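The data block below is run-v2.cif; it holds mmCIF, C-alpha atoms and all ligand atoms.
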data_work
loop_
_atom_site.group_PDB
_atom_site.id
_atom_site.type_symbol
_atom_site.label_atom_id
_atom_site.label_comp_id
_atom_site.auth_asym_id
_atom_site.auth_seq_id
_atom_site.Cartn_x
_atom_site.Cartn_y
_atom_site.Cartn_z
ATOM 1 C CA MET O 1 0.000 0.000 0.000
ATOM 2 C CA SER O 2 2.840 2.358 0.900
ATOM 3 C CA MET O 3 4.466 1.632 -2.488
ATOM 4 C CA ILE O 4 1.253 2.603 -4.323
ATOM 5 C CA ALA O 5 0.827 5.697 -2.100
ATOM 6 C CA SER O 6 4.323 6.828 -3.139
ATOM 7 C CA HIS O 7 3.100 7.118 -6.755
ATOM 8 C CA PHE O 8 0.598 9.855 -5.853
ATOM 9 C CA GLY O 9 3.528 12.129 -4.966
ATOM 10 C CA ARG O 10 5.735 11.027 -7.869
ATOM 11 C CA PRO O 11 3.924 8.802 -10.406
ATOM 12 C CA ARG O 12 6.429 6.713 -12.371
ATOM 13 C CA GLY O 13 6.448 3.680 -14.651
ATOM 14 C CA LEU O 14 3.482 1.449 -15.278
ATOM 15 C CA ILE O 15 1.964 1.871 -11.789
ATOM 16 C CA GLY O 16 2.450 5.621 -12.050
ATOM 17 C CA ARG O 17 0.502 5.708 -15.317
ATOM 18 C CA LEU O 18 -2.274 3.685 -13.708
ATOM 19 C CA VAL O 19 -2.321 6.031 -10.699
ATOM 20 C CA GLY O 20 -2.592 8.943 -13.146
ATOM 21 C CA ARG O 21 -5.748 7.433 -14.629
ATOM 22 C CA ILE O 22 -7.166 6.892 -11.130
ATOM 23 C CA MET O 23 -6.410 10.540 -10.259
ATOM 24 C CA ALA O 24 -8.120 11.772 -13.423
ATOM 25 C CA ARG O 25 -11.268 9.922 -12.366
ATOM 26 C CA SER O 26 -11.201 10.517 -8.605
ATOM 27 C CA ASN O 27 -9.943 14.144 -8.614
ATOM 28 C CA GLY O 28 -11.497 15.282 -11.891
ATOM 29 C CA GLU O 29 -14.656 16.759 -10.438
ATOM 30 C CA PHE O 30 -12.711 18.568 -7.708
ATOM 31 C CA ASN O 31 -10.274 20.028 -10.273
ATOM 32 C CA ARG O 32 -13.164 21.328 -12.393
ATOM 33 C CA TRP O 33 -14.775 22.832 -9.281
ATOM 34 C CA VAL O 34 -11.517 24.620 -8.340
ATOM 35 C CA VAL O 35 -11.303 26.160 -11.817
ATOM 36 C CA GLU O 36 -14.970 27.217 -11.649
ATOM 37 C CA GLN O 37 -14.293 28.980 -8.312
ATOM 38 C CA LEU O 38 -11.236 30.707 -9.757
ATOM 39 C CA GLY O 39 -13.308 31.884 -12.706
ATOM 40 C CA LYS O 40 -15.798 33.477 -10.297
ATOM 41 C CA TYR O 41 -13.137 34.900 -7.982
ATOM 42 C CA SER O 42 -10.632 36.459 -10.393
ATOM 43 C CA GLN O 43 -11.625 39.987 -11.348
ATOM 44 C CA ASP O 44 -9.343 40.296 -14.380
ATOM 45 C CA GLN O 45 -8.721 37.801 -17.145
ATOM 46 C CA PRO O 46 -5.255 36.404 -16.351
ATOM 47 C CA ALA O 47 -2.632 36.521 -19.119
ATOM 48 C CA ARG O 48 -0.111 34.016 -17.712
ATOM 49 C CA VAL O 49 -1.351 30.956 -15.832
ATOM 50 C CA VAL O 50 0.656 28.030 -14.440
ATOM 51 C CA GLU O 51 -0.616 24.755 -13.067
ATOM 52 C CA LEU O 52 1.928 23.173 -10.771
ATOM 53 C CA GLY O 53 1.575 19.403 -10.485
ATOM 54 C CA PRO O 54 -1.201 19.017 -13.095
ATOM 55 C CA GLY O 55 -0.877 15.217 -12.996
ATOM 56 C CA PRO O 56 -3.155 13.853 -15.743
ATOM 57 C CA GLY O 57 -4.141 17.386 -16.824
ATOM 58 C CA VAL O 58 -7.861 17.595 -15.977
ATOM 59 C CA GLY O 59 -7.431 20.962 -14.210
ATOM 60 C CA LEU O 60 -5.487 22.342 -17.169
ATOM 61 C CA GLU O 61 -8.202 21.161 -19.545
ATOM 62 C CA ALA O 62 -10.870 23.027 -17.534
ATOM 63 C CA ALA O 63 -8.770 26.174 -16.993
ATOM 64 C CA LEU O 64 -7.922 26.463 -20.705
ATOM 65 C CA ARG O 65 -11.667 26.804 -21.363
ATOM 66 C CA VAL O 66 -12.494 29.138 -18.442
ATOM 67 C CA PHE O 67 -9.613 31.557 -19.216
ATOM 68 C CA PRO O 68 -9.683 31.635 -23.025
ATOM 69 C CA ASN O 69 -7.236 34.537 -23.400
ATOM 70 C CA ALA O 70 -4.503 33.166 -21.148
ATOM 71 C CA ARG O 71 -1.214 31.535 -22.049
ATOM 72 C CA PHE O 72 -0.701 28.368 -19.969
ATOM 73 C CA TRP O 73 2.180 26.316 -18.578
ATOM 74 C CA GLY O 74 1.942 22.982 -16.787
ATOM 75 C CA VAL O 75 4.928 22.041 -14.594
ATOM 76 C CA ASP O 76 5.259 18.589 -13.060
ATOM 77 C CA PRO O 77 8.287 16.509 -11.988
ATOM 78 C CA SER O 78 6.768 13.304 -13.428
ATOM 79 C CA PRO O 79 7.352 12.613 -17.156
ATOM 80 C CA GLU O 80 4.518 10.063 -17.016
ATOM 81 C CA MET O 81 2.083 12.739 -15.802
ATOM 82 C CA LEU O 82 3.302 15.222 -18.388
ATOM 83 C CA GLN O 83 2.573 12.592 -21.027
ATOM 84 C CA GLN O 84 -1.023 12.189 -19.744
ATOM 85 C CA SER O 85 -1.470 15.980 -19.544
ATOM 86 C CA ARG O 86 -0.167 16.221 -23.105
ATOM 87 C CA LYS O 87 -2.567 13.597 -24.405
ATOM 88 C CA ARG O 88 -5.530 15.303 -22.725
ATOM 89 C CA ASN O 89 -4.620 18.799 -24.011
ATOM 90 C CA LEU O 90 -2.926 18.089 -27.331
ATOM 91 C CA GLY O 91 -4.873 20.691 -29.333
ATOM 92 C CA ASP O 92 -3.811 23.524 -27.022
ATOM 93 C CA ILE O 93 -0.186 22.355 -27.042
ATOM 94 C CA GLU O 94 -0.164 22.250 -30.838
ATOM 95 C CA SER O 95 -1.730 25.703 -31.079
ATOM 96 C CA GLY O 96 1.007 27.064 -28.773
ATOM 97 C CA ARG O 97 -1.308 28.078 -25.921
ATOM 98 C CA LEU O 98 -0.031 25.441 -23.503
ATOM 99 C CA THR O 99 3.538 24.401 -22.728
ATOM 100 C CA LEU O 100 4.366 21.477 -20.471
ATOM 101 C CA ARG O 101 7.647 21.334 -18.555
ATOM 102 C CA GLU O 102 9.321 18.838 -16.261
ATOM 103 C CA GLY O 103 10.109 20.600 -12.980
ATOM 104 C CA THR O 104 8.960 21.853 -9.598
ATOM 105 C CA VAL O 105 8.388 25.251 -7.971
ATOM 106 C CA GLU O 106 11.869 26.588 -8.862
ATOM 107 C CA SER O 107 11.111 26.115 -12.568
ATOM 108 C CA LEU O 108 8.518 28.893 -12.345
ATOM 109 C CA ALA O 109 11.286 31.509 -11.966
ATOM 110 C CA GLU O 110 11.683 31.787 -15.730
ATOM 111 C CA LEU O 111 7.908 32.220 -16.205
ATOM 112 C CA ALA O 112 7.563 35.162 -13.771
ATOM 113 C CA PRO O 113 5.690 37.440 -13.434
ATOM 114 C CA ILE O 114 2.721 35.029 -13.338
ATOM 115 C CA ASP O 115 -0.921 36.112 -12.914
ATOM 116 C CA MET O 116 -2.270 32.866 -11.513
ATOM 117 C CA VAL O 117 -0.827 29.620 -10.121
ATOM 118 C CA MET O 118 -3.044 26.627 -9.423
ATOM 119 C CA ALA O 119 -1.826 23.557 -7.520
ATOM 120 C CA ASN O 120 -4.323 20.845 -6.640
ATOM 121 C CA HIS O 121 -3.369 18.080 -4.214
ATOM 122 C CA VAL O 122 0.302 19.093 -4.354
ATOM 123 C CA LEU O 123 0.631 20.817 -0.963
ATOM 124 C CA TYR O 124 1.335 17.540 0.894
ATOM 125 C CA PHE O 125 4.440 16.880 -1.229
ATOM 126 C CA TRP O 126 6.094 20.188 -0.328
ATOM 127 C CA HIS O 127 8.259 19.138 2.585
ATOM 128 C CA GLN O 128 9.294 22.731 3.332
ATOM 129 C CA PRO O 129 6.001 24.427 2.533
ATOM 130 C CA SER O 130 7.053 27.837 3.900
ATOM 131 C CA ALA O 131 9.965 27.932 1.466
ATOM 132 C CA GLU O 132 7.879 26.664 -1.491
ATOM 133 C CA LEU O 133 5.095 29.171 -0.827
ATOM 134 C CA ALA O 134 7.519 32.071 -0.377
ATOM 135 C CA GLN O 135 9.035 31.214 -3.784
ATOM 136 C CA LEU O 136 5.574 31.089 -5.372
ATOM 137 C CA HIS O 137 4.761 34.450 -3.810
ATOM 138 C CA GLY O 138 7.880 35.887 -5.439
ATOM 139 C CA PHE O 139 6.971 34.519 -8.892
ATOM 140 C CA LEU O 140 3.439 35.965 -8.883
ATOM 141 C CA ARG O 141 2.840 39.548 -9.936
ATOM 142 C CA PRO O 142 1.545 41.830 -7.143
ATOM 143 C CA GLY O 143 -2.175 41.045 -6.903
ATOM 144 C CA GLY O 144 -1.682 37.669 -8.628
ATOM 145 C CA LEU O 145 -3.561 34.631 -7.325
ATOM 146 C CA LEU O 146 -2.433 31.314 -5.886
ATOM 147 C CA ALA O 147 -5.101 28.592 -5.723
ATOM 148 C CA LEU O 148 -4.260 25.624 -3.526
ATOM 149 C CA GLY O 149 -6.693 22.723 -3.719
ATOM 150 C CA TYR O 150 -6.253 20.172 -0.956
ATOM 151 C CA GLN O 151 -7.980 17.810 1.422
ATOM 152 C CA LEU O 152 -7.612 17.814 5.212
ATOM 153 C CA ARG O 153 -6.021 14.790 6.865
ATOM 154 C CA GLN O 154 -9.270 13.600 8.473
ATOM 155 C CA ASN O 155 -11.160 13.676 5.157
ATOM 156 C CA MET O 156 -8.526 11.820 3.140
ATOM 157 C CA PRO O 157 -8.874 8.156 2.231
ATOM 158 C CA LYS O 158 -7.477 5.986 5.055
ATOM 159 C CA PRO O 159 -4.483 4.660 3.041
ATOM 160 C CA ALA O 160 -3.330 8.239 2.409
ATOM 161 C CA GLN O 161 -3.783 9.174 6.091
ATOM 162 C CA THR O 162 -1.602 6.227 7.062
ATOM 163 C CA ASN O 163 0.998 6.154 4.315
ATOM 164 C CA PHE O 164 1.611 9.777 3.337
ATOM 165 C CA PRO O 165 3.219 10.696 6.721
ATOM 166 C CA LYS O 166 5.356 7.530 6.555
ATOM 167 C CA LEU O 167 6.694 8.818 3.235
ATOM 168 C CA GLY O 168 7.516 12.194 4.807
ATOM 169 C CA HIS O 169 4.533 13.975 3.229
ATOM 170 C CA LEU O 170 2.744 16.649 5.251
ATOM 171 C CA LEU O 171 -0.956 16.531 6.072
ATOM 172 C CA TYR O 172 -3.028 19.400 7.465
ATOM 173 C CA ASP O 173 -5.650 19.321 10.192
ATOM 174 C CA SER O 174 -7.437 22.629 9.607
ATOM 175 C CA PRO O 175 -7.903 25.316 6.931
ATOM 176 C CA ASP O 176 -6.383 27.793 9.434
ATOM 177 C CA GLU O 177 -3.099 25.908 9.328
ATOM 178 C CA VAL O 178 -2.954 26.361 5.547
ATOM 179 C CA ALA O 179 -4.045 30.025 5.738
ATOM 180 C CA HIS O 180 -1.347 30.689 8.361
ATOM 181 C CA LEU O 181 1.357 29.235 6.086
ATOM 182 C CA LEU O 182 0.127 31.403 3.200
ATOM 183 C CA ARG O 183 0.151 34.589 5.279
ATOM 184 C CA GLU O 184 3.625 33.797 6.622
ATOM 185 C CA ALA O 185 4.805 33.435 3.013
ATOM 186 C CA GLY O 186 3.629 37.001 2.317
ATOM 187 C CA PHE O 187 0.155 36.467 0.843
ATOM 188 C CA THR O 188 -2.294 39.148 1.936
ATOM 189 C CA THR O 189 -5.888 37.987 1.573
ATOM 190 C CA VAL O 190 -6.605 34.275 1.938
ATOM 191 C CA THR O 191 -10.085 32.991 1.101
ATOM 192 C CA GLY O 192 -11.055 29.466 2.140
ATOM 193 C CA LEU O 193 -13.716 27.473 0.274
ATOM 194 C CA MET O 194 -15.012 23.933 0.641
ATOM 195 C CA LYS O 195 -16.553 21.602 -1.920
ATOM 196 C CA GLY O 196 -19.345 19.463 -0.495
ATOM 197 C CA SER O 197 -20.789 19.390 2.992
ATOM 198 C CA ILE O 198 -18.962 19.874 6.292
ATOM 199 C CA ASP O 199 -19.714 16.216 7.169
ATOM 200 C CA ALA O 200 -18.175 14.884 3.971
ATOM 201 C CA PRO O 201 -16.042 17.548 2.262
ATOM 202 C CA LYS O 202 -14.871 16.645 -1.224
ATOM 203 C CA GLY O 203 -11.924 19.017 -0.908
ATOM 204 C CA ARG O 204 -10.858 22.507 0.155
ATOM 205 C CA LEU O 205 -9.524 25.471 -1.702
ATOM 206 C CA ALA O 206 -7.389 28.357 -0.471
ATOM 207 C CA ILE O 207 -7.218 31.321 -2.846
ATOM 208 C CA ALA O 208 -4.420 33.684 -1.806
ATOM 209 C CA THR O 209 -3.491 37.101 -3.200
ATOM 210 C CA ALA O 210 0.174 38.026 -3.638
HETATM 211 C C1 LIG O 301 -1.744 13.727 -6.166
HETATM 212 S S1 LIG O 301 -1.180 14.264 -7.740
HETATM 213 C C2 LIG O 301 -2.399 15.509 -8.138
HETATM 214 C C3 LIG O 301 -2.566 15.699 -9.609
HETATM 215 C C4 LIG O 301 -3.639 16.716 -10.031
HETATM 216 N N1 LIG O 301 -3.293 18.050 -9.627
HETATM 217 C C5 LIG O 301 -4.964 16.323 -9.447
HETATM 218 O O1 LIG O 301 -5.526 17.057 -8.605
HETATM 219 O O2 LIG O 301 -5.472 15.259 -9.832
HETATM 220 C C6 LIG O 301 0.241 15.212 -7.348
HETATM 221 C C7 LIG O 301 0.980 15.729 -8.577
HETATM 222 O O3 LIG O 301 1.972 16.665 -8.144
HETATM 223 C C8 LIG O 301 3.206 16.348 -8.710
HETATM 224 N N2 LIG O 301 4.241 16.798 -7.739
HETATM 225 C C9 LIG O 301 4.786 16.138 -6.712
HETATM 226 N N3 LIG O 301 5.668 16.895 -6.061
HETATM 227 C C10 LIG O 301 5.675 18.096 -6.686
HETATM 228 C C11 LIG O 301 6.381 19.307 -6.490
HETATM 229 N N4 LIG O 301 7.266 19.443 -5.515
HETATM 230 N N5 LIG O 301 6.130 20.326 -7.325
HETATM 231 C C12 LIG O 301 5.233 20.201 -8.326
HETATM 232 N N6 LIG O 301 4.539 19.082 -8.569
HETATM 233 C C13 LIG O 301 4.755 18.045 -7.753
HETATM 234 C C14 LIG O 301 3.174 14.851 -8.946
HETATM 235 O O4 LIG O 301 4.093 14.433 -9.934
HETATM 236 C C15 LIG O 301 1.719 14.641 -9.347
HETATM 237 O O5 LIG O 301 1.528 14.813 -10.717
#
Would it be possible to restate this file's structure as structure tokens?
Amino acid sequence: MSMIASHFGRPRGLIGRLVGRIMARSNGEFNRWVVEQLGKYSQDQPARVVELGPGPGVGLEAALRVFPNARFWGVDPSPEMLQQSRKRNLGDIESGRLTLREGTVESLAELAPIDMVMANHVLYFWHQPSAELAQLHGFLRPGGLLALGYQLRQNMPKPAQTNFPKLGHLLYDSPDEVAHLLREAGFTTVTGLMKGSIDAPKGRLAIATA
């Protein structure tokens, strides 16, 4: 179980590709919801948008439609996930609207200033989240938005609750914990949203302004 859990943080090989397909199905609705919220929240049409850790590319697919005038980049350390993102968004890659790159937060330096960064279910894999968030803050333009989609520890599937901490990944117990990290990293306003009911949340979203 721990071996499979490791693929959610860094999908690789055959199992990684399988995990990518599972993520597309199990996280797809949440990714589309995050993009819908961003569409409602952002006052200006962004010009430069990055998805960090797009995995199989469902969030990118939705965001490309909701922000039709934006230029997009998808940055992920997993070549297998970049391949799935590519397959799902081939038309936009071929038209030059979307570029996919292998990398992590540091790779965004060359894309700055960025109007909007979205990262869904990536927070847990940042082992020094204060440092990662401070870097993201620096790459966004003043007033730019960071959207972090995540799930709290207690609402995660049991195998993730058990195995993610064993792998050194970080889980969060309250939205305040996430908001605190964002403010410490320099973000000014932090808005917290929840998909689903308080008894059975399907995921949370923190939208932070740089
Ligand atoms: C659990 S998956 C989530 C994929 C997609 N965002 C979703 O919601 O379905 C985590 C993704 O983040 C990527 N990832 C892991 N560590 C990362 C890091 N430090 N920076 C950026 N992406 C990372 C993984 O390769 C994987 O594609």
- Task: Would you mind listing the residues within 6 Å of ligand LIG 301 (chain O), counting all atoms listed in the file, as a ChimeraX atom specification?
- Result: /O:8-11,23-24,27,31,52-55,76-78,81,104-105,120-122,125-126
For the residues in that selection, give me C-alpha atoms as a tab-separated table (two decimals), in the frame of the given file.
chain	number	residue	atom	x	y	z
O	8	PHE	CA	0.60	9.86	-5.85
O	9	GLY	CA	3.53	12.13	-4.97
O	10	ARG	CA	5.74	11.03	-7.87
O	11	PRO	CA	3.92	8.80	-10.41
O	23	MET	CA	-6.41	10.54	-10.26
O	24	ALA	CA	-8.12	11.77	-13.42
O	27	ASN	CA	-9.94	14.14	-8.61
O	31	ASN	CA	-10.27	20.03	-10.27
O	52	LEU	CA	1.93	23.17	-10.77
O	53	GLY	CA	1.58	19.40	-10.48
O	54	PRO	CA	-1.20	19.02	-13.10
O	55	GLY	CA	-0.88	15.22	-13.00
O	76	ASP	CA	5.26	18.59	-13.06
O	77	PRO	CA	8.29	16.51	-11.99
O	78	SER	CA	6.77	13.30	-13.43
O	81	MET	CA	2.08	12.74	-15.80
O	104	THR	CA	8.96	21.85	-9.60
O	105	VAL	CA	8.39	25.25	-7.97
O	120	ASN	CA	-4.32	20.84	-6.64
O	121	HIS	CA	-3.37	18.08	-4.21
O	122	VAL	CA	0.30	19.09	-4.35
O	125	PHE	CA	4.44	16.88	-1.23
O	126	TRP	CA	6.09	20.19	-0.33
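Counting only C-alpha atoms, the residue from O:Ala131, O:Ala70, O:Leu100, O:Leu38 that sits nearest to O:Gly192 is O:Leu38.
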- Query: Mind telling me what the PyMOL selection byres (((chain O and resi 65) around 12) and not hetatm) catches here, as a list in words?
  - Reply: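 With the shown file as input, the PyMOL selection byres (((chain O and resi 65) around 12) and not hetatm) matches Arg32, Val35, Glu36, Gly39, Val58, Gly59, Leu60, Glu61, Ala62, Ala63, Leu64, Val66, Phe67, Pro68, Asn69, Ala70, Arg71, Phe72, Asn89, Asp92, Arg97 and Leu98 of chain O.
Restricting the calculation to all atoms listed in the file, the smallest distance between O:Leu111 and any of O:Tyr41, O:Tyr124, O:Phe139, O:Trp33 is found for O:Phe139.
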- Run the PyMOL selection byres (((chain O and resi 203) around 10) and not hetatm) mentally over the shown coordinates, then write out the matched residues as a PyMOL selection string, using the chain letters and numbers from the document. chain O and resi 27+30-31+33-34+120-121+149-152+155-156+193-197+200-202+204-205
- Message: Considering all atoms listed in the file, can you say which of O:Asp115, O:Val50, O:Ala185, O:His169 comes closest to O:Arg141?
- Response: O:Asp115
- Out of O:Arg101, O:Arg153, O:Arg48, O:Lys158, which residue has the shortest atom-to-atom distance to O:Ile114 when counting all atoms listed in the file?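 Looking at the shortest contact to O:Ile114, the residue is O:Arg48.
Atom CA of O:Glu132 sits 25.4 Å away from atom CA of O:Gln45.
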- Message: Restricting the calculation to only C-alpha atoms: of O:Pro165, O:Leu148, O:Arg88, O:Met116, which residue gets closest to O:Gln43?
- Response: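 Comparing O:Pro165, O:Leu148, O:Arg88, O:Met116 against O:Gln43, the winner is O:Met116.
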Carefully work through the PyMOL selection byres (((chain O and resi 180) around 12) and not hetatm) for this structure and note down the residues it includes, as a PDB file with C-alpha atoms, keeping the file's coordinate frame.
ATOM      1  CA  PRO O 129       6.001  24.427   2.533  1.00  0.00           C
ATOM      2  CA  SER O 130       7.053  27.837   3.900  1.00  0.00           C
ATOM      3  CA  LEU O 133       5.095  29.171  -0.827  1.00  0.00           C
ATOM      4  CA  TYR O 172      -3.028  19.400   7.465  1.00  0.00           C
ATOM      5  CA  SER O 174      -7.437  22.629   9.607  1.00  0.00           C
ATOM      6  CA  PRO O 175      -7.903  25.316   6.931  1.00  0.00           C
ATOM      7  CA  ASP O 176      -6.383  27.793   9.434  1.00  0.00           C
ATOM      8  CA  GLU O 177      -3.099  25.908   9.328  1.00  0.00           C
ATOM      9  CA  VAL O 178      -2.954  26.361   5.547  1.00  0.00           C
ATOM     10  CA  ALA O 179      -4.045  30.025   5.738  1.00  0.00           C
ATOM     11  CA  LEU O 181       1.357  29.235   6.086  1.00  0.00           C
ATOM     12  CA  LEU O 182       0.127  31.403   3.200  1.00  0.00           C
ATOM     13  CA  ARG O 183       0.151  34.589   5.279  1.00  0.00           C
ATOM     14  CA  GLU O 184       3.625  33.797   6.622  1.00  0.00           C
ATOM     15  CA  ALA O 185       4.805  33.435   3.013  1.00  0.00           C
ATOM     16  CA  GLY O 186       3.629  37.001   2.317  1.00  0.00           C
ATOM     17  CA  PHE O 187       0.155  36.467   0.843  1.00  0.00           C
ATOM     18  CA  THR O 188      -2.294  39.148   1.936  1.00  0.00           C
ATOM     19  CA  THR O 189      -5.888  37.987   1.573  1.00  0.00           C
ATOM     20  CA  VAL O 190      -6.605  34.275   1.938  1.00  0.00           C
ATOM     21  CA  THR O 191     -10.085  32.991   1.101  1.00  0.00           C
ATOM     22  CA  GLY O 192     -11.055  29.466   2.140  1.00  0.00           C
ATOM     23  CA  ALA O 206      -7.389  28.357  -0.471  1.00  0.00           C
ATOM     24  CA  ALA O 208      -4.420  33.684  -1.806  1.00  0.00           C
TER      25      ALA O 208
END
- Task: Go ahead and compute the interatomic distance for atom CA of O:Glu106 and atom CA of O:Gln135, in Å to one decimal.
- Result: 7.4 Å
- Item | Interatomic distance (Å, one decimal) between atom CA of O:Leu167 and atom CA of O:Leu123 | 14.1 Å
Enclose the full set of atoms of stretch 79-82 of chain O listed in the file within a box whose edges lie along x, y and z, apply 3 Å of padding to each of the six sides, and report centre and edge lengths in Å to one decimal as AutoDock Vina command-line options.
--center_x 4.7 --center_y 12.6 --center_z -17.1 --size_x 11.3 --size_y 11.2 --size_z 8.6
- From the list O:Leu170, O:Ile22, O:Leu140, O:Met118, which residue is nearest O:Gln37 when using all atoms listed in the file? O:Met118
